[in-house]
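Asker: Just entry.txt, nothing more (compact mmCIF, C-alpha atoms):
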```
# COMPACT_ATOMS: atom_id res chain seq x y z
CA MET A 1 0.00 0.00 0.00
CA SER A 2 1.41 3.40 -0.99
CA THR A 3 1.68 6.28 1.43
CA ILE A 4 -0.04 9.62 0.96
CA SER A 5 2.32 12.20 -0.53
CA ASN A 6 2.99 15.58 1.01
CA ASN A 7 1.42 17.20 -2.05
CA ALA A 8 -1.78 15.21 -1.56
CA LYS A 9 -1.83 16.11 2.12
CA ALA A 10 -1.56 19.80 1.18
CA VAL A 11 -4.48 19.50 -1.25
CA PHE A 12 -6.59 17.63 1.29
CA GLU A 13 -5.81 20.24 3.94
CA LYS A 14 -6.84 23.08 1.66
CA ILE A 15 -10.13 21.37 0.80
CA SER A 16 -10.70 20.68 4.49
CA GLN A 17 -10.05 24.32 5.42
CA GLN A 18 -12.41 25.53 2.73
CA ALA A 19 -14.99 22.94 3.88
CA MET A 20 -16.67 22.90 0.47
CA LEU A 21 -15.57 22.17 -3.08
CA PRO A 22 -17.36 23.96 -5.93
CA LEU A 23 -17.59 21.96 -9.16
CA TYR A 24 -18.91 22.86 -12.57
CA PHE A 25 -18.55 22.59 -16.34
CA HIS A 26 -19.61 24.83 -19.18
CA LYS A 27 -18.82 24.29 -22.84
CA ARG A 28 -18.10 27.97 -23.45
CA ARG A 29 -14.56 28.88 -22.48
CA GLU A 30 -15.37 32.47 -21.55
CA VAL A 31 -18.12 31.31 -19.19
CA SER A 32 -15.80 28.76 -17.59
CA LEU A 33 -13.17 31.44 -17.04
CA SER A 34 -15.60 34.04 -15.71
CA ALA A 35 -17.17 31.55 -13.30
CA LEU A 36 -13.71 30.74 -11.96
CA GLN A 37 -13.05 34.44 -11.38
CA ALA A 38 -16.43 34.81 -9.64
CA LEU A 39 -15.63 31.93 -7.30
CA TYR A 40 -12.21 33.37 -6.57
CA ALA A 41 -13.78 36.73 -5.74
CA ALA A 42 -15.98 34.93 -3.21
CA GLY A 43 -12.93 33.56 -1.41
CA ILE A 44 -12.77 30.12 -3.01
CA ARG A 45 -9.25 28.75 -3.34
CA VAL A 46 -9.94 25.17 -4.49
CA VAL A 47 -12.16 24.35 -7.48
CA GLU A 48 -13.08 21.20 -9.37
CA TYR A 49 -13.76 21.61 -13.07
CA THR A 50 -15.74 18.74 -14.56
CA ASN A 51 -14.61 16.67 -17.54
CA ARG A 52 -18.04 16.41 -19.10
CA GLY A 53 -17.76 17.64 -22.68
CA GLN A 54 -15.41 17.69 -25.64
CA GLU A 55 -14.48 21.26 -24.80
CA ALA A 56 -13.41 20.39 -21.26
CA LEU A 57 -9.69 19.82 -21.79
CA GLU A 58 -9.04 23.00 -23.77
CA ASN A 59 -11.23 25.00 -21.37
CA PHE A 60 -9.26 23.58 -18.47
CA LYS A 61 -5.96 24.56 -20.03
CA ALA A 62 -7.25 28.12 -20.43
CA MET A 63 -8.39 28.12 -16.81
CA LEU A 64 -4.96 26.98 -15.68
CA ALA A 65 -3.36 29.80 -17.67
CA LEU A 66 -5.70 32.31 -16.03
CA ARG A 67 -4.97 30.83 -12.60
CA ASN A 68 -1.24 31.03 -13.16
CA ALA A 69 -1.52 34.65 -14.28
CA SER A 70 -3.85 36.09 -11.67
CA MET A 71 -4.83 33.50 -9.02
CA PRO A 72 -1.59 31.83 -7.90
CA ASP A 73 -3.07 30.63 -4.61
CA MET A 74 -5.87 28.71 -6.35
CA LEU A 75 -5.80 24.90 -6.62
CA LEU A 76 -7.55 23.73 -9.76
CA GLY A 77 -8.52 20.09 -10.11
CA ILE A 78 -10.44 18.08 -12.66
CA GLY A 79 -13.37 15.76 -12.01
CA THR A 80 -15.14 12.90 -13.83
CA ILE A 81 -11.87 11.17 -14.71
CA LYS A 82 -12.95 7.68 -15.74
CA ASN A 83 -9.86 6.13 -17.31
CA GLU A 84 -6.09 6.41 -17.32
CA HIS A 85 -6.03 8.22 -20.67
CA GLN A 86 -8.05 11.10 -19.21
CA ALA A 87 -5.83 11.06 -16.12
CA LYS A 88 -2.77 11.37 -18.39
CA ASP A 89 -4.27 14.22 -20.44
CA TYR A 90 -5.12 16.33 -17.40
CA HIS A 91 -1.94 15.44 -15.55
CA GLU A 92 0.07 16.67 -18.53
CA ALA A 93 -2.12 19.79 -18.71
CA GLY A 94 -1.17 20.61 -15.11
CA ALA A 95 -4.16 19.67 -12.93
CA ASP A 96 -3.47 20.00 -9.21
CA PHE A 97 -5.62 16.98 -8.43
CA LEU A 98 -7.90 14.43 -10.09
CA ILE A 99 -11.37 13.31 -8.99
CA SER A 100 -13.29 10.30 -10.29
CA PRO A 101 -16.89 9.11 -9.92
CA CYS A 102 -15.60 5.62 -9.12
CA PHE A 103 -12.53 3.63 -8.11
CA TYR A 104 -10.74 2.25 -11.17
CA GLN A 105 -7.52 0.30 -10.75
CA PRO A 106 -5.73 1.59 -13.90
CA ILE A 107 -6.26 5.18 -12.68
CA SER A 108 -4.93 4.21 -9.27
CA ASP A 109 -1.86 2.65 -10.86
CA TYR A 110 -1.27 5.73 -13.00
CA VAL A 111 -1.57 8.25 -10.16
CA GLN A 112 0.68 6.18 -7.92
CA LYS A 113 3.30 5.90 -10.65
CA HIS A 114 3.29 9.67 -11.14
CA ASN A 115 2.74 10.63 -7.50
CA LEU A 116 -0.52 12.47 -8.24
CA THR A 117 -3.33 13.53 -5.92
CA TRP A 118 -6.49 11.52 -6.62
CA ILE A 119 -9.91 11.48 -4.95
CA PRO A 120 -11.96 8.51 -6.21
CA GLY A 121 -15.71 8.18 -5.83
CA CYS A 122 -16.99 5.26 -3.77
CA MET A 123 -20.42 4.02 -2.75
CA SER A 124 -19.92 0.72 -0.91
CA ALA A 125 -17.74 -0.44 1.96
CA SER A 126 -15.92 -2.74 -0.47
CA GLU A 127 -15.07 0.17 -2.77
CA ILE A 128 -13.92 2.31 0.13
CA ASN A 129 -11.75 -0.51 1.46
CA LEU A 130 -10.24 -1.11 -1.99
CA ALA A 131 -9.43 2.58 -2.25
CA ALA A 132 -7.84 2.56 1.21
CA GLN A 133 -5.74 -0.49 0.34
CA ASN A 134 -4.45 1.42 -2.68
CA GLY A 135 -3.24 4.31 -0.57
CA VAL A 136 -6.18 6.66 -1.08
CA GLY A 137 -6.60 9.17 1.75
CA PHE A 138 -9.67 11.10 0.60
CA VAL A 139 -12.86 9.54 -0.78
CA LYS A 140 -15.74 11.18 -2.62
CA LEU A 141 -19.04 9.62 -1.54
CA PHE A 142 -21.11 9.45 -4.69
CA PRO A 143 -23.98 9.73 -5.27
CA GLY A 144 -24.54 11.54 -1.99
CA ASN A 145 -28.29 11.81 -2.43
CA LEU A 146 -28.61 8.01 -2.32
CA LEU A 147 -26.20 7.53 0.57
CA GLY A 148 -27.10 10.34 2.99
CA PRO A 149 -25.47 11.43 6.26
CA GLY A 150 -26.58 8.23 7.98
CA TYR A 151 -24.30 6.24 5.71
CA VAL A 152 -21.34 8.42 6.70
CA SER A 153 -22.11 7.88 10.39
CA ALA A 154 -22.12 4.13 9.84
CA ILE A 155 -19.01 3.91 7.66
CA LYS A 156 -16.74 6.48 9.29
CA PRO A 157 -15.84 4.34 12.34
CA LEU A 158 -14.68 1.56 10.01
CA PHE A 159 -12.28 3.90 8.21
CA PRO A 160 -11.27 6.47 10.84
CA ASP A 161 -8.20 7.65 8.92
CA LEU A 162 -10.04 8.41 5.67
CA LEU A 163 -11.45 11.79 4.76
CA PHE A 164 -14.92 11.85 3.17
CA MET A 165 -16.71 14.33 0.94
CA PRO A 166 -20.24 13.80 -0.44
CA THR A 167 -21.06 15.02 -3.93
CA GLY A 168 -24.66 15.06 -5.10
CA GLY A 169 -27.38 15.46 -2.52
CA VAL A 170 -25.80 18.50 -0.87
CA SER A 171 -28.14 21.48 -0.89
CA LEU A 172 -27.68 25.08 0.20
CA GLU A 173 -29.85 24.72 3.31
CA GLN A 174 -28.15 24.89 6.70
CA GLU A 175 -29.92 21.76 7.97
CA ASN A 176 -28.66 19.69 5.05
CA ILE A 177 -25.08 20.91 5.29
CA GLN A 178 -25.07 20.55 9.06
CA GLY A 179 -26.28 16.96 8.78
CA TRP A 180 -23.33 16.01 6.61
CA PHE A 181 -20.74 17.58 8.89
CA LYS A 182 -22.29 16.10 12.02
CA ALA A 183 -21.98 12.71 10.35
CA GLY A 184 -18.24 13.24 9.95
CA VAL A 185 -17.45 14.53 6.47
CA THR A 186 -14.42 16.75 5.88
CA ALA A 187 -16.03 18.87 3.15
CA VAL A 188 -19.07 18.91 0.87
CA GLY A 189 -19.07 18.99 -2.91
CA MET A 190 -21.24 21.78 -4.33
CA GLY A 191 -22.32 21.48 -7.95
CA SER A 192 -25.46 22.61 -9.74
CA LYS A 193 -27.21 23.70 -6.55
CA LEU A 194 -24.54 26.38 -6.13
CA ILE A 195 -23.39 27.00 -9.69
CA THR A 196 -26.77 26.79 -11.37
CA ASN A 197 -27.44 26.51 -15.07
CA ASP A 198 -29.38 29.79 -14.90
CA VAL A 199 -26.43 31.64 -13.40
CA LEU A 200 -24.06 30.32 -16.06
CA GLU A 201 -26.39 30.81 -19.01
CA ASN A 202 -27.28 34.33 -17.90
CA GLU A 203 -23.66 35.06 -16.99
CA ASP A 204 -24.85 36.33 -13.63
CA TYR A 205 -21.48 36.23 -11.95
CA ALA A 206 -22.37 38.73 -9.23
CA THR A 207 -25.03 36.33 -7.96
CA LEU A 208 -22.55 33.44 -8.09
CA THR A 209 -20.03 35.41 -6.04
CA ASN A 210 -22.59 36.54 -3.46
CA THR A 211 -24.17 33.11 -3.04
CA THR A 212 -20.79 31.43 -2.80
CA LYS A 213 -19.65 33.87 -0.11
CA LYS A 214 -22.70 32.98 1.99
CA ILE A 215 -22.32 29.22 1.55
CA LEU A 216 -18.58 29.35 2.18
CA ALA A 217 -19.15 31.20 5.44
CA LEU A 218 -21.99 28.86 6.41
CA THR A 219 -20.05 25.65 5.81
CA GLN A 220 -17.01 26.89 7.70
CA THR A 221 -19.13 28.08 10.63
CA ILE A 222 -20.95 24.76 10.82
CA LYS A 223 -17.73 22.76 10.66
CA ASN A 224 -15.90 24.91 13.19
CA ASN A 225 -18.77 24.81 15.70
CA LEU A 226 -19.17 21.05 15.84
```
If you took the structure in this file and wrote it as structure tokens, what would it be?
Answerer:
Amino acid sequence: MSTISNNAKAVFEKISQQAMLPLYFHKRREVSLSALQALYAAGIRVVEYTNRGQEALENFKAMLALRNASMPDMLLGIGTIKNEHQAKDYHEAGADFLISPCFYQPISDYVQKHNLTWIPGCMSASEINLAAQNGVGFVKLFPGNLLGPGYVSAIKPLFPDLLFMPTGGVSLEQENIQGWFKAGVTAVGMGSKLITNDVLENEDYATLTNTTKKILALTQTIKNNL
């Protein structure tokens, strides 16, 4: 079993401090870039872009260039990595971390070979255990809406050294967010409930910044007061 690298620990710590991880995709490059700037203006310093369309890789490269030019303290990762070829493409592009919807051994082998930071998605105890045996330190619980906080409460004692983050099923309501953190998650993934299609299509970046500021403050307050 491999050990967790210092780079991975630094990424995990930054996600933990932020207590939430915004994730999104848009096929238009200018929208993807502007949304990143809006999130940064809200205080976000770790973002997951989603590999969900043919434009994703080139958009991501443009986002990395923007980050390098004007947001040097931002970590930019890529999600929905489903095979080792995608892992290679985004690794070579310069992704700070990779996230998958599932555990897939060839991806695990690739990230271990190249000492990359990877957060796989898991649903069952068997998947979580397989991930742990492969040196994974941070697991995405997916789909969160099917699992729920009760699942985290049940599984966390079996894997006390693992960090967990639900994606899907996390809403903007305090009760929902509080339930996840009380169950023992490290952070919550925030997708279309935060970065809505309406906001992106209307290019309403002021609303995105304002809403994100509120949710960022809420999640950190909830986590810090447990």
Asker: Pick out the residues sitting within 10 Å of range 147-164 of chain A, and hand them over as an MDAnalysis selection string; count all atoms listed in the file, and ignore anything fewer than 4 positions along from it in its own chain.
Answerer: chainID A and resid 12 16 119 121:125 128:129 131:132 136:143 168:170 176:188
Asker: Take the residues that were just selected and, keeping C-alpha atoms, output them as an mmCIF file, in the coordinates of the input.
Answerer:
```cif
data_model
loop_
_atom_site.group_PDB
_atom_site.id
_atom_site.type_symbol
_atom_site.label_atom_id
_atom_site.label_comp_id
_atom_site.auth_asym_id
_atom_site.auth_seq_id
_atom_site.Cartn_x
_atom_site.Cartn_y
_atom_site.Cartn_z
ATOM 1 C CA PHE A 12 -6.590 17.630 1.290
ATOM 2 C CA SER A 16 -10.700 20.680 4.490
ATOM 3 C CA ILE A 119 -9.910 11.480 -4.950
ATOM 4 C CA GLY A 121 -15.710 8.180 -5.830
ATOM 5 C CA CYS A 122 -16.990 5.260 -3.770
ATOM 6 C CA MET A 123 -20.420 4.020 -2.750
ATOM 7 C CA SER A 124 -19.920 0.720 -0.910
ATOM 8 C CA ALA A 125 -17.740 -0.440 1.960
ATOM 9 C CA ILE A 128 -13.920 2.310 0.130
ATOM 10 C CA ASN A 129 -11.750 -0.510 1.460
ATOM 11 C CA ALA A 131 -9.430 2.580 -2.250
ATOM 12 C CA ALA A 132 -7.840 2.560 1.210
ATOM 13 C CA VAL A 136 -6.180 6.660 -1.080
ATOM 14 C CA GLY A 137 -6.600 9.170 1.750
ATOM 15 C CA PHE A 138 -9.670 11.100 0.600
ATOM 16 C CA VAL A 139 -12.860 9.540 -0.780
ATOM 17 C CA LYS A 140 -15.740 11.180 -2.620
ATOM 18 C CA LEU A 141 -19.040 9.620 -1.540
ATOM 19 C CA PHE A 142 -21.110 9.450 -4.690
ATOM 20 C CA PRO A 143 -23.980 9.730 -5.270
ATOM 21 C CA GLY A 168 -24.660 15.060 -5.100
ATOM 22 C CA GLY A 169 -27.380 15.460 -2.520
ATOM 23 C CA VAL A 170 -25.800 18.500 -0.870
ATOM 24 C CA ASN A 176 -28.660 19.690 5.050
ATOM 25 C CA ILE A 177 -25.080 20.910 5.290
ATOM 26 C CA GLN A 178 -25.070 20.550 9.060
ATOM 27 C CA GLY A 179 -26.280 16.960 8.780
ATOM 28 C CA TRP A 180 -23.330 16.010 6.610
ATOM 29 C CA PHE A 181 -20.740 17.580 8.890
ATOM 30 C CA LYS A 182 -22.290 16.100 12.020
ATOM 31 C CA ALA A 183 -21.980 12.710 10.350
ATOM 32 C CA GLY A 184 -18.240 13.240 9.950
ATOM 33 C CA VAL A 185 -17.450 14.530 6.470
ATOM 34 C CA THR A 186 -14.420 16.750 5.880
ATOM 35 C CA ALA A 187 -16.030 18.870 3.150
ATOM 36 C CA VAL A 188 -19.070 18.910 0.870
#
```
Asker: For CA of Thr50 in chain A and CA of Leu23 in chain A, quote the distance in Å rounded to one decimal.
Answerer: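 One can read the CA of Thr50 in chain A to CA of Leu23 in chain A distance as 6.6 Å.
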Asker: Show me the residues around (-16.5, 34.5, -2.6) - criterion: an atom at most 7 Å away, all atoms listed in the file counted - as a VMD selection string.
Answerer: chain A and resid 39 to 44 209 to 210 212 to 213
Asker: If we count all atoms listed in the file, what is near Glu58 in chain A at a cut-off of 12 Å, once residues fewer than 2 positions away on the same chain are taken out, given as JSON, numbers by chain?
Answerer: {"A": [26, 27, 28, 29, 30, 32, 33, 49, 51, 53, 54, 55, 56, 60, 61, 62, 63, 64, 65, 89, 90, 93, 94]}
Asker: Write out the residues from the selection above, keeping C-alpha atoms, as a CSV table (one decimal), in the coordinates of the input.
Answerer:
```csv
chain,number,residue,atom,x,y,z
A,26,HIS,CA,-19.6,24.8,-19.2
A,27,LYS,CA,-18.8,24.3,-22.8
A,28,ARG,CA,-18.1,28.0,-23.4
A,29,ARG,CA,-14.6,28.9,-22.5
A,30,GLU,CA,-15.4,32.5,-21.6
A,32,SER,CA,-15.8,28.8,-17.6
A,33,LEU,CA,-13.2,31.4,-17.0
A,49,TYR,CA,-13.8,21.6,-13.1
A,51,ASN,CA,-14.6,16.7,-17.5
A,53,GLY,CA,-17.8,17.6,-22.7
A,54,GLN,CA,-15.4,17.7,-25.6
A,55,GLU,CA,-14.5,21.3,-24.8
A,56,ALA,CA,-13.4,20.4,-21.3
A,60,PHE,CA,-9.3,23.6,-18.5
A,61,LYS,CA,-6.0,24.6,-20.0
A,62,ALA,CA,-7.2,28.1,-20.4
A,63,MET,CA,-8.4,28.1,-16.8
A,64,LEU,CA,-5.0,27.0,-15.7
A,65,ALA,CA,-3.4,29.8,-17.7
A,89,ASP,CA,-4.3,14.2,-20.4
A,90,TYR,CA,-5.1,16.3,-17.4
A,93,ALA,CA,-2.1,19.8,-18.7
A,94,GLY,CA,-1.2,20.6,-15.1
```
Asker: Return the single residue from A:Lys214, A:Phe103, A:Ser171, A:Leu130 that is closest to Thr196 in chain A, with distances computed using all atoms listed in the file.
Answerer: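 Nearest to Thr196 in chain A: A:Ser171.
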Asker: Output as a compact mmCIF listing (two decimals), keeping the file's coordinate frame: range 19-30 of chain A, completed with all heavy atoms.
Answerer:
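The file below, out-v5.txt, is the result:
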```
# COMPACT_ATOMS: atom_id res chain seq x y z
N ALA A 19 -13.80 23.68 3.42
CA ALA A 19 -14.99 22.94 3.88
C ALA A 19 -16.02 22.69 2.80
O ALA A 19 -17.03 22.03 3.03
CB ALA A 19 -15.66 23.65 5.08
N MET A 20 -15.79 23.17 1.60
CA MET A 20 -16.67 22.90 0.47
C MET A 20 -15.83 22.92 -0.80
O MET A 20 -14.77 23.55 -0.85
CB MET A 20 -17.77 23.95 0.35
CG MET A 20 -17.27 25.37 0.20
SD MET A 20 -18.54 26.58 -0.22
CE MET A 20 -18.86 26.17 -1.92
N LEU A 21 -16.29 22.20 -1.81
CA LEU A 21 -15.57 22.17 -3.08
C LEU A 21 -16.54 22.45 -4.21
O LEU A 21 -17.36 21.60 -4.56
CB LEU A 21 -14.90 20.80 -3.29
CG LEU A 21 -14.07 20.67 -4.58
CD1 LEU A 21 -12.89 21.64 -4.56
CD2 LEU A 21 -13.58 19.24 -4.75
N PRO A 22 -16.50 23.66 -4.80
CA PRO A 22 -17.36 23.96 -5.93
C PRO A 22 -16.92 23.16 -7.16
O PRO A 22 -15.72 23.00 -7.40
CB PRO A 22 -17.15 25.46 -6.16
CG PRO A 22 -16.47 25.96 -4.93
CD PRO A 22 -15.69 24.81 -4.40
N LEU A 23 -17.91 22.68 -7.94
CA LEU A 23 -17.59 21.96 -9.16
C LEU A 23 -18.58 22.33 -10.25
O LEU A 23 -19.76 22.52 -9.99
CB LEU A 23 -17.62 20.44 -8.92
CG LEU A 23 -18.87 19.83 -8.31
CD1 LEU A 23 -19.36 18.66 -9.13
CD2 LEU A 23 -18.59 19.40 -6.87
N TYR A 24 -18.05 22.45 -11.46
CA TYR A 24 -18.91 22.86 -12.57
C TYR A 24 -18.23 22.56 -13.89
O TYR A 24 -17.04 22.28 -13.97
CB TYR A 24 -19.22 24.35 -12.48
CG TYR A 24 -18.08 25.28 -12.80
CD1 TYR A 24 -17.98 25.88 -14.06
CD2 TYR A 24 -17.08 25.56 -11.87
CE1 TYR A 24 -16.92 26.73 -14.38
CE2 TYR A 24 -16.02 26.41 -12.17
CZ TYR A 24 -15.95 26.99 -13.42
OH TYR A 24 -14.90 27.83 -13.72
N PHE A 25 -19.04 22.64 -14.97
CA PHE A 25 -18.55 22.59 -16.34
C PHE A 25 -19.44 23.48 -17.19
O PHE A 25 -20.65 23.56 -16.97
CB PHE A 25 -18.59 21.16 -16.91
CG PHE A 25 -18.41 21.13 -18.41
CD1 PHE A 25 -17.16 21.30 -18.97
CD2 PHE A 25 -19.51 20.97 -19.26
CE1 PHE A 25 -16.99 21.30 -20.35
CE2 PHE A 25 -19.35 20.97 -20.64
CZ PHE A 25 -18.09 21.13 -21.19
N HIS A 26 -18.85 24.15 -18.15
CA HIS A 26 -19.61 24.83 -19.18
C HIS A 26 -18.82 24.76 -20.47
O HIS A 26 -17.60 24.91 -20.47
CB HIS A 26 -19.88 26.30 -18.82
CG HIS A 26 -20.98 26.91 -19.62
ND1 HIS A 26 -20.77 27.40 -20.90
CD2 HIS A 26 -22.29 27.09 -19.35
CE1 HIS A 26 -21.92 27.87 -21.37
NE2 HIS A 26 -22.86 27.68 -20.46
N LYS A 27 -19.53 24.50 -21.57
CA LYS A 27 -18.82 24.29 -22.84
C LYS A 27 -18.16 25.55 -23.37
O LYS A 27 -17.17 25.49 -24.09
CB LYS A 27 -19.77 23.71 -23.89
CG LYS A 27 -20.92 24.62 -24.29
CD LYS A 27 -21.82 23.90 -25.30
CE LYS A 27 -22.98 24.79 -25.74
NZ LYS A 27 -23.85 24.08 -26.72
N ARG A 28 -18.69 26.71 -22.99
CA ARG A 28 -18.10 27.97 -23.45
C ARG A 28 -16.92 28.36 -22.57
O ARG A 28 -17.03 28.47 -21.36
CB ARG A 28 -19.14 29.08 -23.48
CG ARG A 28 -20.20 28.91 -24.57
CD ARG A 28 -21.33 29.90 -24.40
NE ARG A 28 -20.84 31.26 -24.35
CZ ARG A 28 -21.54 32.28 -23.83
NH1 ARG A 28 -22.72 32.06 -23.28
NH2 ARG A 28 -21.03 33.49 -23.82
N ARG A 29 -15.79 28.58 -23.21
CA ARG A 29 -14.56 28.88 -22.48
C ARG A 29 -14.69 30.16 -21.66
O ARG A 29 -14.26 30.22 -20.50
CB ARG A 29 -13.39 29.00 -23.45
CG ARG A 29 -12.04 29.19 -22.77
CD ARG A 29 -10.91 29.19 -23.78
NE ARG A 29 -10.94 27.97 -24.58
CZ ARG A 29 -10.07 27.72 -25.56
NH1 ARG A 29 -9.12 28.59 -25.86
NH2 ARG A 29 -10.15 26.61 -26.25
N GLU A 30 -15.28 31.19 -22.25
CA GLU A 30 -15.37 32.47 -21.55
C GLU A 30 -16.24 32.36 -20.30
O GLU A 30 -15.98 33.02 -19.29
CB GLU A 30 -15.89 33.57 -22.48
CG GLU A 30 -17.25 33.33 -23.07
CD GLU A 30 -17.25 32.59 -24.39
OE1 GLU A 30 -16.27 31.84 -24.66
OE2 GLU A 30 -18.20 32.77 -25.17
```
